[in-house]
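Student: Pasting structure.pdb here (PDB, C-alpha atoms):
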```
ATOM      1  CA  MET E   1      86.437  75.349  92.918
ATOM      2  CA  ARG E   2      90.230  75.492  92.638
ATOM      3  CA  ARG E   3      91.740  73.138  90.089
ATOM      4  CA  ARG E   4      94.244  70.513  91.164
ATOM      5  CA  ARG E   5      97.745  70.864  89.726
ATOM      6  CA  PRO E   6     100.839  68.678  89.852
ATOM      7  CA  LEU E   7     102.586  69.028  93.222
ATOM      8  CA  LEU E   8     105.719  70.631  91.718
ATOM      9  CA  HIS E   9     103.665  73.325  90.008
ATOM     10  CA  GLU E  10     101.530  73.889  93.118
ATOM     11  CA  ALA E  11     104.673  74.333  95.206
ATOM     12  CA  ALA E  12     106.134  76.749  92.664
ATOM     13  CA  LEU E  13     102.998  78.900  92.716
ATOM     14  CA  LEU E  14     102.934  78.980  96.514
ATOM     15  CA  LEU E  15     106.610  79.934  96.705
ATOM     16  CA  ALA E  16     106.947  82.239  93.689
ATOM     17  CA  GLY E  17     108.335  85.597  94.720
ATOM     18  CA  THR E  18     108.750  84.635  98.375
ATOM     19  CA  SER E  19     111.950  84.486 100.388
ATOM     20  CA  ALA E  20     111.737  80.678 100.319
ATOM     21  CA  PHE E  21     111.738  80.771  96.518
ATOM     22  CA  ARG E  22     114.987  82.726  96.527
ATOM     23  CA  HIS E  23     116.573  80.170  98.862
ATOM     24  CA  LEU E  24     115.613  77.406  96.426
ATOM     25  CA  GLU E  25     117.252  79.390  93.626
ATOM     26  CA  ARG E  26     120.573  79.026  95.466
ATOM     27  CA  ILE E  27     120.449  75.280  94.871
ATOM     28  CA  GLY E  28     119.435  75.777  91.268
ATOM     29  CA  TRP E  29     115.666  75.260  91.419
ATOM     30  CA  ASN E  30     113.610  78.036  89.907
ATOM     31  CA  PRO E  31     111.431  76.890  86.991
ATOM     32  CA  PHE E  32     110.215  80.432  86.436
ATOM     33  CA  ARG E  33     113.496  82.342  86.326
ATOM     34  CA  ALA E  34     113.713  84.642  83.333
ATOM     35  CA  PRO E  35     115.978  83.015  80.759
ATOM     36  CA  ASP E  36     117.579  86.318  79.815
ATOM     37  CA  ALA E  37     118.558  87.602  83.248
ATOM     38  CA  ALA E  38     120.438  85.847  86.013
ATOM     39  CA  SER E  39     118.406  87.689  88.640
ATOM     40  CA  GLY E  40     115.076  86.915  87.036
ATOM     41  CA  ARG E  41     114.359  90.638  86.862
ATOM     42  CA  MET E  42     112.331  91.553  83.782
ATOM     43  CA  GLY E  43     112.938  95.290  83.867
ATOM     44  CA  GLU E  44     114.728  98.027  85.724
ATOM     45  CA  MET E  45     113.662  98.892  89.260
ATOM     46  CA  ARG E  46     113.616 102.601  88.464
ATOM     47  CA  GLU E  47     110.833 102.022  85.922
ATOM     48  CA  ILE E  48     108.467 101.045  88.722
ATOM     49  CA  ASP E  49     109.716 101.910  92.216
ATOM     50  CA  GLY E  50     108.426 105.302  93.311
ATOM     51  CA  THR E  51     105.989 105.685  90.434
ATOM     52  CA  GLY E  52     102.258 106.181  90.834
ATOM     53  CA  THR E  53      99.692 108.943  91.073
ATOM     54  CA  GLU E  54      99.106 111.885  93.426
ATOM     55  CA  ARG E  55      97.762 109.601  96.148
ATOM     56  CA  ALA E  56      99.328 106.221  95.308
ATOM     57  CA  THR E  57     103.048 105.399  95.390
ATOM     58  CA  CYS E  58     104.659 102.077  94.484
ATOM     59  CA  LEU E  59     107.381 100.374  96.528
ATOM     60  CA  LEU E  60     108.773  97.449  94.549
ATOM     61  CA  ALA E  61     109.411  94.285  96.550
ATOM     62  CA  PRO E  62     112.763  92.532  95.934
ATOM     63  CA  ASN E  63     111.181  89.281  94.720
ATOM     64  CA  PRO E  64     111.644  89.164  90.932
ATOM     65  CA  SER E  65     110.932  85.917  89.090
ATOM     66  CA  MET E  66     109.220  84.710  85.934
ATOM     67  CA  MET E  67     105.970  84.589  87.914
ATOM     68  CA  THR E  68     106.361  88.002  89.570
ATOM     69  CA  LEU E  69     108.083  89.965  86.768
ATOM     70  CA  ASP E  70     110.122  92.781  88.376
ATOM     71  CA  GLY E  71     108.674  91.926  91.783
ATOM     72  CA  THR E  72     105.467  92.637  93.673
ATOM     73  CA  ASN E  73     104.172  96.205  93.650
ATOM     74  CA  THR E  74     103.273  97.374  97.153
ATOM     75  CA  TRP E  75     101.092 100.480  97.042
ATOM     76  CA  ILE E  76     101.034 103.208  99.691
ATOM     77  CA  ILE E  77      97.886 105.320  99.321
ATOM     78  CA  ALA E  78      97.162 108.514 101.204
ATOM     79  CA  GLU E  79      95.004 111.579 100.895
ATOM     80  CA  PRO E  80      97.200 114.726 100.737
ATOM     81  CA  GLY E  81      97.761 116.045 104.244
ATOM     82  CA  ALA E  82      96.235 113.000 105.945
ATOM     83  CA  ALA E  83      97.815 111.375 109.001
ATOM     84  CA  GLU E  84      97.017 107.802 107.932
ATOM     85  CA  VAL E  85      97.832 105.733 104.850
ATOM     86  CA  VAL E  86      96.482 102.535 103.353
ATOM     87  CA  VAL E  87      98.986  99.884 102.256
ATOM     88  CA  VAL E  88      97.876  97.502  99.512
ATOM     89  CA  ASP E  89      99.727  94.167  99.170
ATOM     90  CA  PRO E  90     102.687  94.257 101.600
ATOM     91  CA  GLY E  91     104.162  91.463  99.480
ATOM     92  CA  PRO E  92     106.398  88.576 100.568
ATOM     93  CA  ASN E  93     107.565  88.045 104.135
ATOM     94  CA  ASP E  94     110.789  89.923 103.477
ATOM     95  CA  GLY E  95     111.918  91.874 106.540
ATOM     96  CA  VAL E  96     113.880  94.431 104.533
ATOM     97  CA  HIS E  97     110.908  95.227 102.323
ATOM     98  CA  LEU E  98     108.421  95.354 105.198
ATOM     99  CA  ARG E  99     110.656  97.699 107.183
ATOM    100  CA  ARG E 100     111.158  99.855 104.104
ATOM    101  CA  ILE E 101     107.387 100.284 103.762
ATOM    102  CA  ALA E 102     107.029 101.165 107.436
ATOM    103  CA  ASP E 103     109.999 103.559 107.335
ATOM    104  CA  THR E 104     108.688 105.282 104.206
ATOM    105  CA  VAL E 105     105.354 105.935 105.882
ATOM    106  CA  LYS E 106     107.063 107.140 109.077
ATOM    107  CA  GLU E 107     109.333 109.491 107.129
ATOM    108  CA  GLN E 108     106.207 111.074 105.672
ATOM    109  CA  GLY E 109     105.026 111.784 109.213
ATOM    110  CA  LYS E 110     102.137 109.350 108.846
ATOM    111  CA  ARG E 111     101.035 105.982 110.200
ATOM    112  CA  VAL E 112      99.537 102.891 108.559
ATOM    113  CA  GLY E 113      95.796 102.879 109.143
ATOM    114  CA  ALA E 114      94.813  99.818 107.110
ATOM    115  CA  ILE E 115      96.399  96.976 105.133
ATOM    116  CA  LEU E 116      94.517  95.548 102.143
ATOM    117  CA  ILE E 117      95.153  92.363 100.148
ATOM    118  CA  THR E 118      94.170  92.057  96.482
ATOM    119  CA  HIS E 119      94.261  88.223  96.493
ATOM    120  CA  ARG E 120      95.605  85.203  98.309
ATOM    121  CA  HIS E 121      98.840  84.480  96.409
ATOM    122  CA  PRO E 122     101.825  84.656  98.783
ATOM    123  CA  ASP E 123     103.830  87.161  96.746
ATOM    124  CA  HIS E 124     101.079  89.638  97.713
ATOM    125  CA  SER E 125      99.893  88.365 101.091
ATOM    126  CA  GLU E 126     102.708  86.434 102.793
ATOM    127  CA  GLY E 127     104.150  89.445 104.618
ATOM    128  CA  ALA E 128     100.813  90.851 105.783
ATOM    129  CA  GLY E 129     100.868  89.254 109.235
ATOM    130  CA  GLU E 130     104.350  90.500 110.059
ATOM    131  CA  PHE E 131     103.557  93.922 108.646
ATOM    132  CA  ALA E 132     100.465  94.083 110.842
ATOM    133  CA  LYS E 133     102.642  93.345 113.897
ATOM    134  CA  LEU E 134     105.158  95.958 112.769
ATOM    135  CA  THR E 135     102.594  98.722 112.315
ATOM    136  CA  GLY E 136      99.660  97.773 114.520
ATOM    137  CA  ALA E 137      97.278  98.041 111.558
ATOM    138  CA  ALA E 138      94.646  95.428 110.725
ATOM    139  CA  VAL E 139      94.681  93.413 107.500
ATOM    140  CA  ARG E 140      91.525  93.162 105.395
ATOM    141  CA  ALA E 141      91.117  90.508 102.710
ATOM    142  CA  VAL E 142      88.384  88.534 100.970
ATOM    143  CA  ASP E 143      89.834  85.221 102.162
ATOM    144  CA  PRO E 144      89.451  84.896 105.972
ATOM    145  CA  ALA E 145      92.780  83.032 106.093
ATOM    146  CA  HIS E 146      94.568  86.249 105.130
ATOM    147  CA  ARG E 147      92.836  88.621 107.545
ATOM    148  CA  HIS E 148      94.727  89.766 110.621
ATOM    149  CA  GLY E 149      92.419  91.587 113.008
ATOM    150  CA  GLY E 150      90.456  93.121 110.157
ATOM    151  CA  GLU E 151      87.150  92.663 108.375
ATOM    152  CA  GLY E 152      86.549  91.077 105.015
ATOM    153  CA  LEU E 153      86.341  92.869 101.695
ATOM    154  CA  ALA E 154      83.273  92.788  99.463
ATOM    155  CA  ASP E 155      82.263  94.333  96.173
ATOM    156  CA  GLY E 156      81.086  97.894  96.736
ATOM    157  CA  ASP E 157      82.834  98.414 100.078
ATOM    158  CA  VAL E 158      84.352 101.878 100.506
ATOM    159  CA  ILE E 159      87.622 102.306 102.414
ATOM    160  CA  THR E 160      87.717 105.742 104.071
ATOM    161  CA  THR E 161      90.911 105.473 106.149
ATOM    162  CA  GLY E 162      92.668 108.829 106.359
ATOM    163  CA  GLY E 163      89.878 110.531 104.428
ATOM    164  CA  LEU E 164      90.392 108.383 101.320
ATOM    165  CA  GLU E 165      87.659 107.166  99.035
ATOM    166  CA  LEU E 166      88.893 103.756  97.901
ATOM    167  CA  ARG E 167      86.195 101.533  96.398
ATOM    168  CA  VAL E 168      86.393  97.731  96.360
ATOM    169  CA  VAL E 169      85.655  96.043  93.024
ATOM    170  CA  ALA E 170      85.300  92.241  92.936
ATOM    171  CA  VAL E 171      87.366  90.909  90.014
ATOM    172  CA  PRO E 172      87.360  87.074  90.222
ATOM    173  CA  GLY E 173      89.237  85.121  87.582
ATOM    174  CA  HIS E 174      92.950  85.282  88.305
ATOM    175  CA  THR E 175      91.853  83.837  91.658
ATOM    176  CA  ASP E 176      88.355  83.494  93.063
ATOM    177  CA  ASP E 177      89.141  86.026  95.812
ATOM    178  CA  SER E 178      90.664  88.772  93.629
ATOM    179  CA  VAL E 179      89.627  92.378  94.203
ATOM    180  CA  ALA E 180      90.660  95.679  92.645
ATOM    181  CA  PHE E 181      90.632  99.080  94.343
ATOM    182  CA  TRP E 182      89.212 102.105  92.546
ATOM    183  CA  LEU E 183      90.661 105.482  93.562
ATOM    184  CA  PRO E 184      88.238 108.023  92.044
ATOM    185  CA  ALA E 185      90.196 111.119  93.101
ATOM    186  CA  ASP E 186      93.164 109.997  90.960
ATOM    187  CA  ARG E 187      91.037 108.362  88.240
ATOM    188  CA  ALA E 188      93.092 105.248  88.971
ATOM    189  CA  LEU E 189      92.407 101.549  89.490
ATOM    190  CA  LEU E 190      94.677  99.177  91.439
ATOM    191  CA  THR E 191      94.289  95.879  89.590
ATOM    192  CA  GLY E 192      96.341  93.338  91.564
ATOM    193  CA  ASP E 193      97.165  90.498  89.175
ATOM    194  CA  THR E 194      93.961  90.833  87.152
ATOM    195  CA  VAL E 195      95.758  93.210  84.785
ATOM    196  CA  LEU E 196      99.563  93.278  84.724
ATOM    197  CA  GLY E 197     101.955  95.997  83.669
ATOM    198  CA  ARG E 198     103.517  93.534  81.223
ATOM    199  CA  GLY E 199     101.935  90.480  79.608
ATOM    200  CA  THR E 200      98.844  88.688  80.874
ATOM    201  CA  PRO E 201      98.286  86.676  84.076
ATOM    202  CA  VAL E 202      98.109  82.953  84.640
ATOM    203  CA  LEU E 203      94.610  81.914  85.718
ATOM    204  CA  ASP E 204      94.225  80.159  89.053
ATOM    205  CA  GLY E 205      90.465  80.614  88.888
ATOM    206  CA  SER E 206      87.593  80.438  86.420
ATOM    207  CA  LEU E 207      87.958  81.696  82.850
ATOM    208  CA  GLY E 208      84.235  82.491  82.765
ATOM    209  CA  ASP E 209      84.691  84.703  85.814
ATOM    210  CA  TYR E 210      87.765  86.310  84.280
ATOM    211  CA  LEU E 211      86.020  87.144  80.996
ATOM    212  CA  ARG E 212      83.137  88.733  82.911
ATOM    213  CA  THR E 213      85.652  90.652  85.031
ATOM    214  CA  LEU E 214      87.407  92.056  81.967
ATOM    215  CA  ASP E 215      84.093  93.213  80.500
ATOM    216  CA  ARG E 216      83.167  94.829  83.808
ATOM    217  CA  LEU E 217      86.488  96.640  84.098
ATOM    218  CA  ARG E 218      86.238  97.822  80.502
ATOM    219  CA  ASP E 219      82.811  99.318  81.258
ATOM    220  CA  LEU E 220      84.056 100.886  84.510
ATOM    221  CA  VAL E 221      87.085 102.435  82.813
ATOM    222  CA  GLY E 222      84.927 103.918  80.090
ATOM    223  CA  THR E 223      82.086 105.130  82.307
ATOM    224  CA  GLU E 224      84.294 106.635  85.013
ATOM    225  CA  GLU E 225      87.024 107.830  82.646
ATOM    226  CA  ILE E 226      89.732 106.005  84.589
ATOM    227  CA  GLY E 227      93.086 107.165  83.269
ATOM    228  CA  THR E 228      95.615 104.896  84.986
ATOM    229  CA  LEU E 229      95.899 101.232  85.944
ATOM    230  CA  LEU E 230      98.175 100.470  88.900
ATOM    231  CA  PRO E 231      99.029  96.751  88.605
ATOM    232  CA  GLY E 232     100.361  94.238  91.094
ATOM    233  CA  HIS E 233     103.413  93.629  88.881
ATOM    234  CA  GLY E 234     105.098  95.722  86.213
ATOM    235  CA  PRO E 235     104.840  99.434  85.370
ATOM    236  CA  LEU E 236     101.676 101.520  85.592
ATOM    237  CA  LEU E 237      99.502 101.629  82.482
ATOM    238  CA  GLY E 238      98.416 104.977  81.086
ATOM    239  CA  ASP E 239      95.881 103.775  78.505
ATOM    240  CA  PRO E 240      93.367 101.539  80.320
ATOM    241  CA  VAL E 241      90.967 101.332  77.378
ATOM    242  CA  LYS E 242      93.670 100.079  75.025
ATOM    243  CA  THR E 243      94.979  97.637  77.633
ATOM    244  CA  LEU E 244      91.601  96.104  78.438
ATOM    245  CA  ASP E 245      90.584  95.929  74.788
ATOM    246  CA  TYR E 246      93.800  93.976  74.168
ATOM    247  CA  TYR E 247      93.151  91.677  77.134
ATOM    248  CA  ILE E 248      89.632  90.872  75.936
ATOM    249  CA  ARG E 249      90.783  90.302  72.350
ATOM    250  CA  HIS E 250      93.751  88.201  73.488
ATOM    251  CA  ARG E 251      91.581  85.897  75.610
ATOM    252  CA  LYS E 252      89.132  85.357  72.766
ATOM    253  CA  GLU E 253      91.955  84.594  70.345
ATOM    254  CA  ARG E 254      93.567  82.111  72.748
ATOM    255  CA  LEU E 255      90.236  80.420  73.369
ATOM    256  CA  ALA E 256      89.728  80.013  69.619
ATOM    257  CA  GLN E 257      93.202  78.480  69.349
ATOM    258  CA  VAL E 258      92.410  76.029  72.139
ATOM    259  CA  GLU E 259      89.151  75.036  70.441
ATOM    260  CA  LYS E 260      91.074  74.446  67.221
ATOM    261  CA  ALA E 261      93.644  72.284  69.023
ATOM    262  CA  VAL E 262      90.888  70.205  70.618
ATOM    263  CA  ALA E 263      89.206  69.787  67.235
ATOM    264  CA  ALA E 264      92.568  68.567  65.896
ATOM    265  CA  GLY E 265      92.670  65.803  68.518
ATOM    266  CA  ALA E 266      94.322  67.330  71.613
ATOM    267  CA  THR E 267      92.711  65.885  74.742
ATOM    268  CA  THR E 268      94.837  67.196  77.628
ATOM    269  CA  ALA E 269      96.114  70.606  78.700
ATOM    270  CA  GLN E 270      99.664  69.466  77.951
ATOM    271  CA  GLU E 271      98.730  68.493  74.389
ATOM    272  CA  VAL E 272      96.912  71.787  73.855
ATOM    273  CA  VAL E 273      99.946  73.743  75.079
ATOM    274  CA  ALA E 274     102.119  71.931  72.520
ATOM    275  CA  HIS E 275      99.708  73.115  69.797
ATOM    276  CA  VAL E 276      99.034  76.656  70.993
ATOM    277  CA  TYR E 277     102.231  77.646  72.826
ATOM    278  CA  GLY E 278     104.795  75.773  70.763
ATOM    279  CA  ASP E 279     106.724  78.981  70.060
ATOM    280  CA  ILE E 280     107.459  79.876  73.702
ATOM    281  CA  ASP E 281     110.243  78.662  75.983
ATOM    282  CA  ARG E 282     109.383  75.124  77.120
ATOM    283  CA  LYS E 283     110.169  76.173  80.703
ATOM    284  CA  LEU E 284     106.933  78.116  80.582
ATOM    285  CA  TRP E 285     104.800  75.221  79.365
ATOM    286  CA  PRO E 286     103.843  74.016  82.872
ATOM    287  CA  VAL E 287     102.608  77.520  83.698
ATOM    288  CA  ALA E 288     100.693  77.737  80.409
ATOM    289  CA  GLU E 289      98.975  74.453  81.278
ATOM    290  CA  TRP E 290      97.203  76.145  84.196
ATOM    291  CA  THR E 291      95.565  78.717  81.933
ATOM    292  CA  VAL E 292      94.830  76.120  79.247
ATOM    293  CA  GLN E 293      93.091  73.945  81.839
ATOM    294  CA  ALA E 294      90.920  76.942  82.753
ATOM    295  CA  GLN E 295      90.052  77.296  79.059
ATOM    296  CA  LEU E 296      89.218  73.595  78.738
ATOM    297  CA  ASP E 297      87.030  73.798  81.848
ATOM    298  CA  TYR E 298      85.280  76.830  80.395
ATOM    299  CA  LEU E 299      84.593  75.078  77.080
ATOM    300  CA  ALA E 300      83.260  72.008  78.889
ATOM    301  CA  GLU E 301      80.918  74.141  81.024
ATOM    302  CA  ARG E 302      79.791  76.159  78.018
ATOM    303  CA  ASP E 303      78.949  73.057  76.006
TER     304      ASP E 303
END
```
Let's see the structure in the file written out as C-alpha cells.

Tutor:
Amino acid sequence: MRRRRPLLHEAALLLAGTSAFRHLERIGWNPFRAPDAASGRMGEMREIDGTGTERATCLLAPNPSMMTLDGTNTWIIAEPGAAEVVVVDPGPNDGVHLRRIADTVKEQGKRVGAILITHRHPDHSEGAGEFAKLTGAAVRAVDPAHRHGGEGLADGDVITTGGLELRVVAVPGHTDDSVAFWLPADRALLTGDTVLGRGTPVLDGSLGDYLRTLDRLRDLVGTEEIGTLLPGHGPLLGDPVKTLDYYIRHRKERLAQVEKAVAAGATTAQEVVAHVYGDIDRKLWPVAEWTVQAQLDYLAERD
C-alpha cells in the first residue's frame, strides 16, 4: 500500500524532473533545487551523457533537480550489429529529449524495438506515451497504467529484442513496481532508482521490500560477477559489491538511529527527522520524512 503524504510533497514528487516542474521553477517554486547550483544540476553532463557499456549507452535528460540529480538517465541498449534497440526509461515528456533519443537511434541505422520502464515515477515514465507514438514501439511496464501497447514485466522475464538477452529482476522498495534489468553480456545491471549513481533514494514503497531487494542484488552481483551498475540517475558505478555493501550498511545504521529517536520520545516522522537529519539542509526535511515514515512503518510491522 502506498503511504499518504501531504499534498505539497505529493505534487512535488509527481512533478519532479518533468517539464511542468521547470515551469514552476520560473515562478520560484522548487523545494528540491540544489542549494549550490542555480540550475539544480548536481554534476557535469559530460560525466554521464554518452557513458555506458558495450551494449548500453546513456542519454541524459535535461531535467535536473534535487530529486533527479543531474537528470534522468535514458538507456539505449543494443546488441552489436542488431537492427533494433531497447530504450529504458524515456524520461520526462520533453520533446527535445524524446527526439534526441529517436534521432540517436536513427543515426545508428537502427530502430526502436521496445520501450521499458523501470518504475512509475514521471521523471522516468512521463514521456513514454509520446515516445511510443514517435517510434511506433510498444511500452512495457509493471504498472498497467504505464503500458502503451505492450505487455507487463515480471521477475524472470527475458527481453530478446534485437537479439539481446535482458533479464527482468523485480526490485520493490523504492516503489512497489520497481524493476531492474540485468544485461549478462556486459556484466551490467540497470538499477533504475533502486541504486543511484550518487547518494541513496527516497523510499516511496516498503522498507522491508527494499532491504530484501538490496540483499538479493548483493547476492546477484556476487554470484554473476556483475561489474557495472547503470543507475537511473547519476554516473555509472564500477564497484557494485562496494556500493551495495554501503547501501545495506547505511540502511541498517539509519534504522538504528530512527529506533533511538523513537526511544527518546519522537512520535512522528517530522520529529524523527529533526533527531536523525538535523545536520542536513532543512529544505530536504520533507523528503527525508518519506523515508523515515517507511522506517517507522517497518518497525511497527516488525514489532

Student: Pull the closest atom pair for each residue of stretch 185-255 of chain E that gets at most 12 Å from stretch 270-277 of chain E, along with the distance in Å to one decimal, counting only C-alpha atoms, ordering rows by chain and then ascending residue number, as CSV.

Tutor:
```
residue,atom,partner,partner_atom,distance
E:Glu253,CA,E:Val276,CA,10.7
E:Arg254,CA,E:Val276,CA,7.9
E:Leu255,CA,E:Val276,CA,9.9
```

Student: Tell me which residues the PyMOL selection byres ((chain E and resi 235) around 12) grabs here, as a PyMOL selection string.

Tutor: chain E and resi 42-52+57-60+69-73+190-191+195-199+228-234+236-238

Student: Just checking: using all atoms listed in the file, which residue out of E:Asp123, E:Thr200, E:Ser178, E:Gly81 ends up closest to E:Ser65?

Tutor: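 Of all the options, E:Asp123 lies closest to E:Ser65.
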
Student: Can you spell out as a PyMOL selection string the set of residues that the PyMOL selection byres ((chain E and resi 215) around 12) selects in the structure I just provided?

Tutor: chain E and resi 171-173+208-214+216-222+241+244-249+251

Student: If you keep C-alpha atoms, can you produce a file of those selected residues as a PDB file, in the coordinates of the input?

Tutor:
```
ATOM      1  CA  VAL E 171      87.366  90.909  90.014  1.00  0.00           C
ATOM      2  CA  PRO E 172      87.360  87.074  90.222  1.00  0.00           C
ATOM      3  CA  GLY E 173      89.237  85.121  87.582  1.00  0.00           C
ATOM      4  CA  GLY E 208      84.235  82.491  82.765  1.00  0.00           C
ATOM      5  CA  ASP E 209      84.691  84.703  85.814  1.00  0.00           C
ATOM      6  CA  TYR E 210      87.765  86.310  84.280  1.00  0.00           C
ATOM      7  CA  LEU E 211      86.020  87.144  80.996  1.00  0.00           C
ATOM      8  CA  ARG E 212      83.137  88.733  82.911  1.00  0.00           C
ATOM      9  CA  THR E 213      85.652  90.652  85.031  1.00  0.00           C
ATOM     10  CA  LEU E 214      87.407  92.056  81.967  1.00  0.00           C
ATOM     11  CA  ARG E 216      83.167  94.829  83.808  1.00  0.00           C
ATOM     12  CA  LEU E 217      86.488  96.640  84.098  1.00  0.00           C
ATOM     13  CA  ARG E 218      86.238  97.822  80.502  1.00  0.00           C
ATOM     14  CA  ASP E 219      82.811  99.318  81.258  1.00  0.00           C
ATOM     15  CA  LEU E 220      84.056 100.886  84.510  1.00  0.00           C
ATOM     16  CA  VAL E 221      87.085 102.435  82.813  1.00  0.00           C
ATOM     17  CA  GLY E 222      84.927 103.918  80.090  1.00  0.00           C
ATOM     18  CA  VAL E 241      90.967 101.332  77.378  1.00  0.00           C
ATOM     19  CA  LEU E 244      91.601  96.104  78.438  1.00  0.00           C
ATOM     20  CA  ASP E 245      90.584  95.929  74.788  1.00  0.00           C
ATOM     21  CA  TYR E 246      93.800  93.976  74.168  1.00  0.00           C
ATOM     22  CA  TYR E 247      93.151  91.677  77.134  1.00  0.00           C
ATOM     23  CA  ILE E 248      89.632  90.872  75.936  1.00  0.00           C
ATOM     24  CA  ARG E 249      90.783  90.302  72.350  1.00  0.00           C
ATOM     25  CA  ARG E 251      91.581  85.897  75.610  1.00  0.00           C
TER      26      ARG E 251
END
```

Student: Restricting the calculation to only C-alpha atoms, which member of E:Ile77, E:Ala128, E:Leu134, E:Val262 is positioned closest to E:Ala102?

Tutor: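 With only C-alpha atoms as the atom set, the closest residue is E:Leu134.
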
Student: Just how far from atom CA of E:Gly127 is atom CA of E:Val142, in Å to one decimal?

Tutor: 16.2 Å

Student: Calculate how many Å separate atom CA of E:Lys110 from atom CA of E:Val85, rounding to one decimal.

Tutor: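 If I compute the distance from atom CA of E:Lys110 to atom CA of E:Val85, I get 6.9 Å.
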